[in-house]
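*Asks:* So here's work31.pdb (PDB, C-alpha atoms).
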ATOM      1  CA  MET A 929      91.979 -34.610 -60.956
ATOM      2  CA  SER A 930      89.930 -33.877 -64.033
ATOM      3  CA  THR A 931      87.440 -31.019 -64.018
ATOM      4  CA  PRO A 932      83.840 -32.267 -64.282
ATOM      5  CA  VAL A 933      81.864 -31.006 -67.251
ATOM      6  CA  SER A 934      78.682 -29.312 -66.066
ATOM      7  CA  THR A 935      75.682 -28.081 -67.993
ATOM      8  CA  PRO A 936      75.292 -24.280 -67.844
ATOM      9  CA  VAL A 937      72.488 -23.177 -65.559
ATOM     10  CA  SER A 938      70.410 -20.039 -65.788
ATOM     11  CA  THR A 939      68.671 -17.729 -63.365
ATOM     12  CA  PRO A 940      64.903 -17.245 -63.363
ATOM     13  CA  PRO A 941      63.725 -14.798 -66.092
ATOM     14  CA  ALA A 942      62.971 -12.123 -63.484
ATOM     15  CA  GLY A 943      66.286 -12.683 -61.689
ATOM     16  CA  LEU A 944      66.972 -13.963 -58.190
ATOM     17  CA  ARG A 945      65.102 -12.477 -55.248
ATOM     18  CA  VAL A 946      67.577 -12.316 -52.367
ATOM     19  CA  LEU A 947      67.532 -11.245 -48.733
ATOM     20  CA  VAL A 948      70.573  -9.612 -47.128
ATOM     21  CA  VAL A 949      70.837  -9.641 -43.326
ATOM     22  CA  ASP A 950      73.557  -7.608 -41.567
ATOM     23  CA  ASP A 951      73.407  -5.474 -38.425
ATOM     24  CA  GLU A 952      76.060  -3.022 -39.723
ATOM     25  CA  ARG A 953      74.430  -0.480 -42.020
ATOM     26  CA  PRO A 954      77.505   0.327 -44.173
ATOM     27  CA  ALA A 955      78.089  -3.390 -44.842
ATOM     28  CA  LEU A 956      74.394  -3.887 -45.599
ATOM     29  CA  ASP A 957      74.332  -0.971 -48.053
ATOM     30  CA  GLU A 958      77.543  -2.096 -49.780
ATOM     31  CA  LEU A 959      76.295  -5.650 -50.239
ATOM     32  CA  GLU A 960      72.952  -4.385 -51.537
ATOM     33  CA  TYR A 961      74.742  -2.133 -54.028
ATOM     34  CA  LEU A 962      77.023  -4.901 -55.312
ATOM     35  CA  LEU A 963      74.170  -7.386 -55.662
ATOM     36  CA  THR A 964      71.923  -4.979 -57.562
ATOM     37  CA  ARG A 965      74.710  -4.576 -60.134
ATOM     38  CA  ASP A 966      74.713  -8.321 -60.841
ATOM     39  CA  PRO A 967      72.428  -9.054 -63.833
ATOM     40  CA  ARG A 968      71.386 -12.369 -62.249
ATOM     41  CA  ILE A 969      69.793 -10.537 -59.302
ATOM     42  CA  GLY A 970      66.229  -9.284 -59.740
ATOM     43  CA  GLU A 971      65.400  -7.873 -56.292
ATOM     44  CA  VAL A 972      67.302  -7.284 -53.045
ATOM     45  CA  LEU A 973      65.534  -7.166 -49.674
ATOM     46  CA  THR A 974      67.492  -6.013 -46.604
ATOM     47  CA  CYS A 975      67.187  -6.482 -42.837
ATOM     48  CA  GLY A 976      69.281  -5.134 -39.982
ATOM     49  CA  SER A 977      68.853  -8.142 -37.673
ATOM     50  CA  ALA A 978      68.412 -11.899 -37.876
ATOM     51  CA  THR A 979      65.097 -11.589 -36.041
ATOM     52  CA  ASP A 980      63.732  -9.229 -38.705
ATOM     53  CA  GLY A 981      65.135 -11.515 -41.379
ATOM     54  CA  LEU A 982      63.311 -14.512 -39.918
ATOM     55  CA  ARG A 983      60.071 -12.503 -39.898
ATOM     56  CA  VAL A 984      60.500 -11.694 -43.599
ATOM     57  CA  LEU A 985      61.329 -15.299 -44.467
ATOM     58  CA  ARG A 986      58.242 -16.594 -42.703
ATOM     59  CA  GLU A 987      56.023 -14.253 -44.698
ATOM     60  CA  ASP A 988      57.756 -14.134 -48.077
ATOM     61  CA  ASP A 989      59.681 -16.309 -50.536
ATOM     62  CA  VAL A 990      63.272 -15.566 -51.494
ATOM     63  CA  ASP A 991      65.755 -17.442 -53.678
ATOM     64  CA  CYS A 992      68.727 -16.949 -51.358
ATOM     65  CA  VAL A 993      69.843 -15.389 -48.065
ATOM     66  CA  PHE A 994      73.137 -13.489 -47.699
ATOM     67  CA  LEU A 995      73.783 -13.629 -43.985
ATOM     68  CA  ASP A 996      76.251 -12.082 -41.546
ATOM     69  CA  VAL A 997      77.487 -14.422 -38.790
ATOM     70  CA  GLN A 998      77.957 -12.290 -35.695
ATOM     71  CA  MET A 999      74.904 -10.189 -34.854
ATOM     72  CA  PRO A1000      73.300  -9.132 -31.560
ATOM     73  CA  GLY A1001      70.504 -11.369 -30.323
ATOM     74  CA  LEU A1002      69.873 -14.126 -32.845
ATOM     75  CA  THR A1003      73.156 -14.837 -34.671
ATOM     76  CA  GLY A1004      73.509 -15.697 -38.330
ATOM     77  CA  LEU A1005      74.414 -19.301 -37.493
ATOM     78  CA  GLU A1006      71.320 -19.614 -35.292
ATOM     79  CA  LEU A1007      69.122 -18.194 -38.046
ATOM     80  CA  ALA A1008      70.642 -20.645 -40.550
ATOM     81  CA  ASP A1009      69.856 -23.490 -38.163
ATOM     82  CA  VAL A1010      66.220 -22.342 -38.012
ATOM     83  CA  LEU A1011      66.045 -22.075 -41.815
ATOM     84  CA  SER A1012      67.411 -25.606 -42.190
ATOM     85  CA  ARG A1013      64.126 -26.804 -40.667
ATOM     86  CA  PHE A1014      62.006 -25.069 -43.312
ATOM     87  CA  ARG A1015      60.208 -27.403 -45.703
ATOM     88  CA  VAL A1016      62.230 -25.855 -48.561
ATOM     89  CA  PRO A1017      65.231 -24.073 -47.004
ATOM     90  CA  PRO A1018      66.648 -21.201 -49.083
ATOM     91  CA  PRO A1019      70.337 -21.419 -50.053
ATOM     92  CA  ILE A1020      72.534 -19.479 -47.637
ATOM     93  CA  VAL A1021      75.699 -17.492 -48.306
ATOM     94  CA  PHE A1022      77.519 -16.319 -45.184
ATOM     95  CA  VAL A1023      79.208 -12.930 -45.517
ATOM     96  CA  THR A1024      81.412 -12.168 -42.538
ATOM     97  CA  ALA A1025      84.657 -10.615 -41.341
ATOM     98  CA  HIS A1026      85.450 -13.768 -39.336
ATOM     99  CA  ASP A1027      86.764 -16.978 -40.903
ATOM    100  CA  ALA A1028      86.627 -18.996 -37.670
ATOM    101  CA  HIS A1029      83.023 -20.117 -38.251
ATOM    102  CA  ALA A1030      83.546 -21.762 -41.645
ATOM    103  CA  VAL A1031      83.243 -25.310 -40.296
ATOM    104  CA  GLU A1032      79.948 -24.538 -38.561
ATOM    105  CA  ALA A1033      78.669 -22.734 -41.662
ATOM    106  CA  PHE A1034      79.205 -25.681 -43.957
ATOM    107  CA  ASP A1035      77.791 -28.087 -41.389
ATOM    108  CA  LEU A1036      74.624 -26.031 -41.965
ATOM    109  CA  GLN A1037      74.900 -26.704 -45.724
ATOM    110  CA  ALA A1038      75.824 -23.131 -46.692
ATOM    111  CA  VAL A1039      76.590 -22.816 -50.397
ATOM    112  CA  ASP A1040      79.382 -20.283 -49.832
ATOM    113  CA  TYR A1041      81.351 -18.378 -47.181
ATOM    114  CA  VAL A1042      82.534 -14.914 -48.251
ATOM    115  CA  LEU A1043      84.948 -12.836 -46.192
ATOM    116  CA  LYS A1044      84.659  -9.074 -45.765
ATOM    117  CA  PRO A1045      85.644  -6.715 -47.250
ATOM    118  CA  VAL A1046      83.622  -8.157 -50.125
ATOM    119  CA  ARG A1047      85.076  -7.945 -53.618
ATOM    120  CA  ALA A1048      82.685  -7.766 -56.569
ATOM    121  CA  GLU A1049      84.290 -10.730 -58.345
ATOM    122  CA  ARG A1050      84.133 -12.853 -55.179
ATOM    123  CA  LEU A1051      80.467 -11.999 -54.702
ATOM    124  CA  ALA A1052      79.798 -12.891 -58.343
ATOM    125  CA  GLU A1053      81.245 -16.349 -57.640
ATOM    126  CA  ALA A1054      78.894 -16.703 -54.652
ATOM    127  CA  VAL A1055      75.911 -15.812 -56.862
ATOM    128  CA  ARG A1056      77.068 -18.424 -59.365
ATOM    129  CA  ARG A1057      77.074 -21.040 -56.618
ATOM    130  CA  VAL A1058      73.564 -20.002 -55.591
ATOM    131  CA  VAL A1059      72.303 -20.356 -59.160
ATOM    132  CA  GLU A1060      74.009 -23.740 -59.455
ATOM    133  CA  SER A1061      72.561 -24.910 -56.142
ATOM    134  CA  ALA A1062      69.044 -23.782 -57.042
ATOM    135  CA  ALA A1063      69.296 -25.611 -60.372
ATOM    136  CA  GLY A1064      70.556 -28.847 -58.800
ATOM    137  CA  GLY A1065      74.102 -28.250 -60.005
ATOM    138  CA  GLU A1066      77.400 -29.720 -58.929
ATOM    139  CA  ARG A1067      77.465 -28.374 -55.359
ATOM    140  CA  ALA A1068      73.837 -29.295 -54.734
ATOM    141  CA  ALA A1069      74.566 -32.823 -55.904
ATOM    142  CA  ALA A1070      77.444 -33.288 -53.474
ATOM    143  CA  PRO A1071      76.977 -36.019 -50.855
ATOM    144  CA  VAL A1072      74.873 -34.693 -48.009
ATOM    145  CA  HIS A1073      77.363 -35.902 -45.386
ATOM    146  CA  ASP A1074      80.345 -34.228 -47.045
ATOM    147  CA  VAL A1075      81.288 -30.797 -45.811
ATOM    148  CA  GLN A1076      83.017 -28.099 -47.848
ATOM    149  CA  ILE A1077      85.733 -26.383 -45.792
ATOM    150  CA  ALA A1078      86.559 -22.760 -46.607
ATOM    151  CA  VAL A1079      90.314 -22.074 -46.522
ATOM    152  CA  GLU A1080      92.153 -18.844 -47.260
ATOM    153  CA  ARG A1081      95.327 -18.552 -49.307
ATOM    154  CA  GLY A1082      96.721 -15.328 -50.686
ATOM    155  CA  GLY A1083      93.427 -13.507 -50.116
ATOM    156  CA  VAL A1084      91.470 -16.104 -52.096
ATOM    157  CA  THR A1085      88.884 -18.395 -50.505
ATOM    158  CA  ARG A1086      89.035 -21.992 -51.696
ATOM    159  CA  PHE A1087      86.899 -24.972 -50.750
ATOM    160  CA  VAL A1088      88.179 -28.371 -49.686
ATOM    161  CA  ALA A1089      85.848 -31.351 -49.320
ATOM    162  CA  ARG A1090      86.242 -32.907 -45.874
ATOM    163  CA  SER A1091      86.180 -36.351 -47.523
ATOM    164  CA  GLU A1092      89.482 -35.452 -49.246
ATOM    165  CA  VAL A1093      91.278 -34.679 -45.963
ATOM    166  CA  THR A1094      93.621 -37.533 -45.027
ATOM    167  CA  HIS A1095      94.847 -36.109 -41.730
ATOM    168  CA  VAL A1096      94.953 -32.911 -39.682
ATOM    169  CA  GLU A1097      97.997 -31.564 -37.882
ATOM    170  CA  ALA A1098      98.017 -29.065 -35.017
ATOM    171  CA  GLN A1099      99.922 -25.888 -35.842
ATOM    172  CA  GLY A1100      99.861 -23.640 -32.811
ATOM    173  CA  ASP A1101      96.286 -22.456 -32.267
ATOM    174  CA  TYR A1102      95.396 -23.467 -35.833
ATOM    175  CA  ALA A1103      95.062 -26.745 -37.725
ATOM    176  CA  ARG A1104      96.649 -27.784 -41.015
ATOM    177  CA  LEU A1105      94.458 -29.921 -43.261
ATOM    178  CA  HIS A1106      96.321 -32.403 -45.450
ATOM    179  CA  THR A1107      94.915 -33.900 -48.639
ATOM    180  CA  ALA A1108      96.611 -36.248 -51.111
ATOM    181  CA  THR A1109      98.007 -33.298 -53.064
ATOM    182  CA  ASP A1110      98.095 -30.219 -50.831
ATOM    183  CA  SER A1111      97.749 -28.751 -47.348
ATOM    184  CA  HIS A1112      95.689 -25.833 -46.039
ATOM    185  CA  LEU A1113      95.826 -23.815 -42.827
ATOM    186  CA  LEU A1114      92.488 -23.536 -41.016
ATOM    187  CA  ARG A1115      92.052 -21.030 -38.211
ATOM    188  CA  VAL A1116      90.360 -23.539 -35.923
ATOM    189  CA  PRO A1117      92.073 -25.388 -33.019
ATOM    190  CA  LEU A1118      92.706 -29.100 -33.491
ATOM    191  CA  SER A1119      90.701 -29.830 -30.336
ATOM    192  CA  THR A1120      87.604 -28.265 -31.923
ATOM    193  CA  LEU A1121      87.956 -30.367 -35.068
ATOM    194  CA  ALA A1122      88.545 -33.489 -32.960
ATOM    195  CA  ASP A1123      85.127 -32.971 -31.353
ATOM    196  CA  ASP A1124      83.267 -31.779 -34.457
ATOM    197  CA  TRP A1125      84.662 -34.378 -36.866
ATOM    198  CA  HIS A1126      84.759 -37.472 -34.663
ATOM    199  CA  ASP A1127      81.420 -38.758 -35.964
ATOM    200  CA  ALA A1128      82.652 -38.237 -39.534
ATOM    201  CA  GLY A1129      85.426 -40.808 -39.039
ATOM    202  CA  PHE A1130      88.317 -38.660 -37.784
ATOM    203  CA  VAL A1131      90.175 -40.076 -34.795
ATOM    204  CA  ARG A1132      92.935 -38.608 -32.677
ATOM    205  CA  ILE A1133      96.118 -40.663 -32.972
ATOM    206  CA  HIS A1134      98.352 -38.173 -31.187
ATOM    207  CA  ARG A1135      97.766 -34.962 -29.241
ATOM    208  CA  SER A1136      98.755 -33.069 -32.401
ATOM    209  CA  LEU A1137      97.241 -35.349 -35.074
ATOM    210  CA  LEU A1138      93.843 -36.438 -36.362
ATOM    211  CA  VAL A1139      93.545 -39.100 -39.050
ATOM    212  CA  ALA A1140      90.646 -39.950 -41.346
ATOM    213  CA  ILE A1141      89.912 -43.651 -40.894
ATOM    214  CA  ALA A1142      88.715 -43.863 -44.511
ATOM    215  CA  HIS A1143      92.213 -42.900 -45.725
ATOM    216  CA  VAL A1144      94.214 -45.311 -43.544
ATOM    217  CA  ARG A1145      95.934 -47.803 -45.865
ATOM    218  CA  GLU A1146      98.160 -49.643 -43.405
ATOM    219  CA  VAL A1147      98.855 -50.002 -39.707
ATOM    220  CA  ARG A1148     102.484 -50.824 -38.944
ATOM    221  CA  THR A1149     103.975 -52.022 -35.657
ATOM    222  CA  SER A1150     107.672 -52.180 -35.017
ATOM    223  CA  GLY A1151     109.486 -52.340 -31.687
ATOM    224  CA  GLY A1152     106.264 -51.567 -29.852
ATOM    225  CA  ARG A1153     105.760 -48.420 -31.928
ATOM    226  CA  CYS A1154     102.575 -48.059 -33.989
ATOM    227  CA  THR A1155     102.265 -45.978 -37.148
ATOM    228  CA  VAL A1156      99.616 -45.578 -39.870
ATOM    229  CA  VAL A1157     100.043 -44.957 -43.585
ATOM    230  CA  VAL A1158      97.517 -42.597 -45.181
ATOM    231  CA  GLY A1159      96.724 -41.391 -48.692
ATOM    232  CA  ARG A1160      98.447 -42.165 -51.958
ATOM    233  CA  GLY A1161     101.722 -40.549 -50.969
ATOM    234  CA  GLU A1162     102.735 -43.168 -48.396
ATOM    235  CA  THR A1163     102.601 -40.613 -45.583
ATOM    236  CA  GLU A1164     103.452 -42.403 -42.343
ATOM    237  CA  LEU A1165     102.136 -40.966 -39.058
ATOM    238  CA  GLY A1166     103.062 -41.949 -35.526
ATOM    239  CA  VAL A1167     100.358 -43.142 -33.129
ATOM    240  CA  SER A1168     100.783 -42.441 -29.423
ATOM    241  CA  ARG A1169     100.519 -45.384 -27.030
ATOM    242  CA  ARG A1170      97.385 -43.999 -25.393
ATOM    243  CA  ASN A1171      95.595 -43.721 -28.774
ATOM    244  CA  THR A1172      96.692 -47.052 -30.273
ATOM    245  CA  ARG A1173      93.893 -49.141 -28.770
ATOM    246  CA  GLU A1174      91.095 -46.788 -29.892
ATOM    247  CA  LEU A1175      92.524 -46.705 -33.408
ATOM    248  CA  ARG A1176      92.703 -50.501 -33.627
ATOM    249  CA  ASP A1177      89.132 -50.823 -32.311
ATOM    250  CA  LEU A1178      87.849 -48.405 -34.944
ATOM    251  CA  LEU A1179      89.698 -50.192 -37.738
ATOM    252  CA  LEU A1180      88.542 -53.626 -36.638
ATOM    253  CA  HIS A1181      84.953 -52.552 -35.900
ATOM    254  CA  PRO A1182      84.212 -49.639 -38.237
ATOM    255  CA  THR A1183      80.976 -47.665 -37.953
ATOM    256  CA  GLU A1184      79.175 -45.654 -40.630
ATOM    257  CA  PRO A1185      80.189 -41.970 -40.384
ATOM    258  CA  SER A1186      77.301 -39.664 -39.530
TER
END
Take the structure I supplied and represent it as structure tokens, if you would.

*Replies:*
Amino acid sequence: MSTPVSTPVSTPPAGLRVLVVDDERPALDELEYLLTRDPRIGEVLTCGSATDGLRVLREDDVDCVFLDVQMPGLTGLELADVLSRFRVPPPIVFVTAHDAHAVEAFDLQAVDYVLKPVRAERLAEAVRRVVESAAGGERAAAPVHDVQIAVERGGVTRFVARSEVTHVEAQGDYARLHTATDSHLLRVPLSTLADDWHDAGFVRIHRSLLVAIAHVREVRTSGGRCTVVVGRGETELGVSRRNTRELRDLLLHPTEPS
């Protein structure tokens, strides 16, 4: 896949005005320190709770919110949901010690999901994404219904577009996402993805498999056994008897993913 050529974007002359919300003081201070060292940041506001953060956001304008997920009272995800209803929602970067909420975070159109402990170079990448989003860059121009999935490999967070996932395989309490060229382990149970991604065109074909209808190339039947072929690599997946009828109905009468 070729790398798209993008026009460089710049921060406002005075730098970005950001709000950091975290209930743990050491984490809040560390994030404030790292952000103030970034030349693209002009001012850093801090709050120790999502409730205080919401109060600031209702009274003041910021260019971005760096938000912890798990906080007492109003959680970071709940605050992000409230902000999504603003007339002009600020870009959100989640900064958390827990990777299990990545799917929910990107459903809320977060521009990035950074895991603690935060490294300066990783935070710099998050700031770059904020600048790009604010300037209408590549991530901001992504289809609104596509979701970017944060996956970890070797201590590095990568992002996989849900539209590129051909099928998902249960792997213990986790799920393995398969694309045409790679696979990624996601620390989310398959049952959770089956519920969350059903309206996006993912259907369960076996108790341990989800398949993206958009990537199904063939349906094969032999000796009463049904299989589907997905992606460019001719990957053939078995369909259980109990799921065969639902799969055929969806293929014969497709609906627009939501």

*Asks:* Report as a PyMOL selection string the residues that result from applying the PyMOL selection byres ((chain A and resi 1132-1142) around 9) to the structure here.

*Replies:* chain A and resi 1091+1093-1099+1118-1119+1121-1122+1126+1128-1131+1143-1145+1156+1158+1165-1172+1174-1175+1178-1179+1182

*Asks:* Work out how far apart atom CA of A:Val1016 and atom CA of A:Glu1092 are and give it in Å to one decimal.

*Replies:* 28.9 Å

*Asks:* Could you jot down the atom CA of A:Cys1154 to atom CA of A:Arg1173 separation for me, Å, one decimal place?

*Replies:* 10.2 Å

*Asks:* For A:Ala1008, which residue among A:Gln1076, A:Thr979, A:Thr1163, A:Thr1155 is the nearest when counting all atoms listed in the file?

*Replies:*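 With all atoms listed in the file as the atom set, the closest residue is A:Thr979.
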
*Asks:* Smallest atom-to-atom distance to A:Leu1005: which of A:Ala1025, A:Val984, A:Ala1038, A:Cys992, using all atoms listed in the file?

*Replies:*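 Closest candidate: A:Ala1038.
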
*Asks:* Please report the interatomic distance between atom CA of A:Val1042 and atom CA of A:Glu987 in Å with one decimal.

*Replies:*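 Interatomic distance, atom CA of A:Val1042 to atom CA of A:Glu987: 26.8 Å.
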
*Asks:* Can you give me, as a ChimeraX atom specification, the residues this file yields under the PyMOL selection byres ((chain A and resi 1047-1051) around 10)?

*Replies:* /A:959,962-963,965-966,1021,1023,1040-1046,1052-1057,1084-1085

*Asks:* Any chance you can output those residues with C-alpha atoms as an mmCIF file, in the coordinates of the input?

*Replies:*
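For reference, part.cif as written:
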data_model
loop_
_atom_site.group_PDB
_atom_site.id
_atom_site.type_symbol
_atom_site.label_atom_id
_atom_site.label_comp_id
_atom_site.auth_asym_id
_atom_site.auth_seq_id
_atom_site.Cartn_x
_atom_site.Cartn_y
_atom_site.Cartn_z
ATOM 1 C CA LEU A 959 76.295 -5.650 -50.239
ATOM 2 C CA LEU A 962 77.023 -4.901 -55.312
ATOM 3 C CA LEU A 963 74.170 -7.386 -55.662
ATOM 4 C CA ARG A 965 74.710 -4.576 -60.134
ATOM 5 C CA ASP A 966 74.713 -8.321 -60.841
ATOM 6 C CA VAL A 1021 75.699 -17.492 -48.306
ATOM 7 C CA VAL A 1023 79.208 -12.930 -45.517
ATOM 8 C CA ASP A 1040 79.382 -20.283 -49.832
ATOM 9 C CA TYR A 1041 81.351 -18.378 -47.181
ATOM 10 C CA VAL A 1042 82.534 -14.914 -48.251
ATOM 11 C CA LEU A 1043 84.948 -12.836 -46.192
ATOM 12 C CA LYS A 1044 84.659 -9.074 -45.765
ATOM 13 C CA PRO A 1045 85.644 -6.715 -47.250
ATOM 14 C CA VAL A 1046 83.622 -8.157 -50.125
ATOM 15 C CA ALA A 1052 79.798 -12.891 -58.343
ATOM 16 C CA GLU A 1053 81.245 -16.349 -57.640
ATOM 17 C CA ALA A 1054 78.894 -16.703 -54.652
ATOM 18 C CA VAL A 1055 75.911 -15.812 -56.862
ATOM 19 C CA ARG A 1056 77.068 -18.424 -59.365
ATOM 20 C CA ARG A 1057 77.074 -21.040 -56.618
ATOM 21 C CA VAL A 1084 91.470 -16.104 -52.096
ATOM 22 C CA THR A 1085 88.884 -18.395 -50.505
#

*Asks:* Using all atoms listed in the file, which protein or nucleic acid residues come within 9 Å of A:Leu956? Drop anything in the same chain fewer than 6 positions from it, and give the result as a VMD selection string.

*Replies:* chain A and resid 948 to 950 974 to 976

*Asks:* Write the residues of the selection above to a file with C-alpha atoms, as an mmCIF file, in the coordinates of the input.

*Replies:*
data_model
loop_
_atom_site.group_PDB
_atom_site.id
_atom_site.type_symbol
_atom_site.label_atom_id
_atom_site.label_comp_id
_atom_site.auth_asym_id
_atom_site.auth_seq_id
_atom_site.Cartn_x
_atom_site.Cartn_y
_atom_site.Cartn_z
ATOM 1 C CA VAL A 948 70.573 -9.612 -47.128
ATOM 2 C CA VAL A 949 70.837 -9.641 -43.326
ATOM 3 C CA ASP A 950 73.557 -7.608 -41.567
ATOM 4 C CA THR A 974 67.492 -6.013 -46.604
ATOM 5 C CA CYS A 975 67.187 -6.482 -42.837
ATOM 6 C CA GLY A 976 69.281 -5.134 -39.982
#

*Asks:* Take the PyMOL selection byres ((chain A and resi 1006) around 12), apply it to the structure above, and return the hits as a list in words.

*Replies:*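 With the PyMOL selection byres ((chain A and resi 1006) around 12) on this model, the match is Ser977, Ala978, Thr979, Gly981, Leu982, Leu995, Asp996, Val997, Gln998, Met999, Pro1000, Gly1001, Leu1002, Thr1003, Gly1004, Leu1005, Leu1007, Ala1008, Asp1009, Val1010, Leu1011, Ser1012, Arg1013, Glu1032, Ala1033 and Leu1036 of chain A.
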
*Asks:* Which residue is closest to A:His1106? Choose from A:Val1039, A:Val1079, A:Leu985, A:Ala1028 and count all atoms listed in the file.

*Replies:*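 Answer, going by the shortest atom-to-atom distance: A:Val1079.
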
*Asks:* Generate the coordinates of N, CA, C and O atoms for stretch 1096-1107 of chain A; report them as a compact mmCIF listing (two decimals), in the coordinates of the input.

*Replies:*
# COMPACT_ATOMS: atom_id res chain seq x y z
N VAL A 1096 94.92 -34.30 -40.14
CA VAL A 1096 94.95 -32.91 -39.68
C VAL A 1096 96.04 -32.79 -38.63
O VAL A 1096 96.12 -33.61 -37.71
N GLU A 1097 96.85 -31.77 -38.77
CA GLU A 1097 98.00 -31.56 -37.88
C GLU A 1097 97.85 -30.25 -37.12
O GLU A 1097 97.52 -29.22 -37.71
N ALA A 1098 98.06 -30.29 -35.81
CA ALA A 1098 98.02 -29.06 -35.02
C ALA A 1098 99.18 -28.16 -35.41
O ALA A 1098 100.31 -28.62 -35.61
N GLN A 1099 98.89 -26.87 -35.52
CA GLN A 1099 99.92 -25.89 -35.84
C GLN A 1099 99.64 -24.66 -34.99
O GLN A 1099 98.95 -23.74 -35.40
N GLY A 1100 100.17 -24.69 -33.77
CA GLY A 1100 99.86 -23.64 -32.81
C GLY A 1100 98.39 -23.68 -32.45
O GLY A 1100 97.85 -24.74 -32.11
N ASP A 1101 97.72 -22.52 -32.55
CA ASP A 1101 96.29 -22.46 -32.27
C ASP A 1101 95.45 -22.80 -33.49
O ASP A 1101 94.21 -22.74 -33.43
N TYR A 1102 96.09 -23.14 -34.60
CA TYR A 1102 95.40 -23.47 -35.83
C TYR A 1102 95.55 -24.95 -36.15
O TYR A 1102 96.19 -25.71 -35.42
N ALA A 1103 94.95 -25.36 -37.27
CA ALA A 1103 95.06 -26.74 -37.72
C ALA A 1103 95.42 -26.74 -39.21
O ALA A 1103 94.90 -25.93 -39.97
N ARG A 1104 96.29 -27.67 -39.60
CA ARG A 1104 96.65 -27.78 -41.02
C ARG A 1104 96.00 -29.03 -41.59
O ARG A 1104 96.25 -30.14 -41.13
N LEU A 1105 95.14 -28.82 -42.60
CA LEU A 1105 94.46 -29.92 -43.26
C LEU A 1105 95.35 -30.47 -44.37
O LEU A 1105 95.84 -29.70 -45.20
N HIS A 1106 95.52 -31.77 -44.41
CA HIS A 1106 96.32 -32.40 -45.45
C HIS A 1106 95.42 -33.23 -46.35
O HIS A 1106 94.60 -34.02 -45.87
N THR A 1107 95.58 -33.04 -47.67
CA THR A 1107 94.92 -33.90 -48.64
C THR A 1107 96.01 -34.68 -49.38
O THR A 1107 97.19 -34.55 -49.05
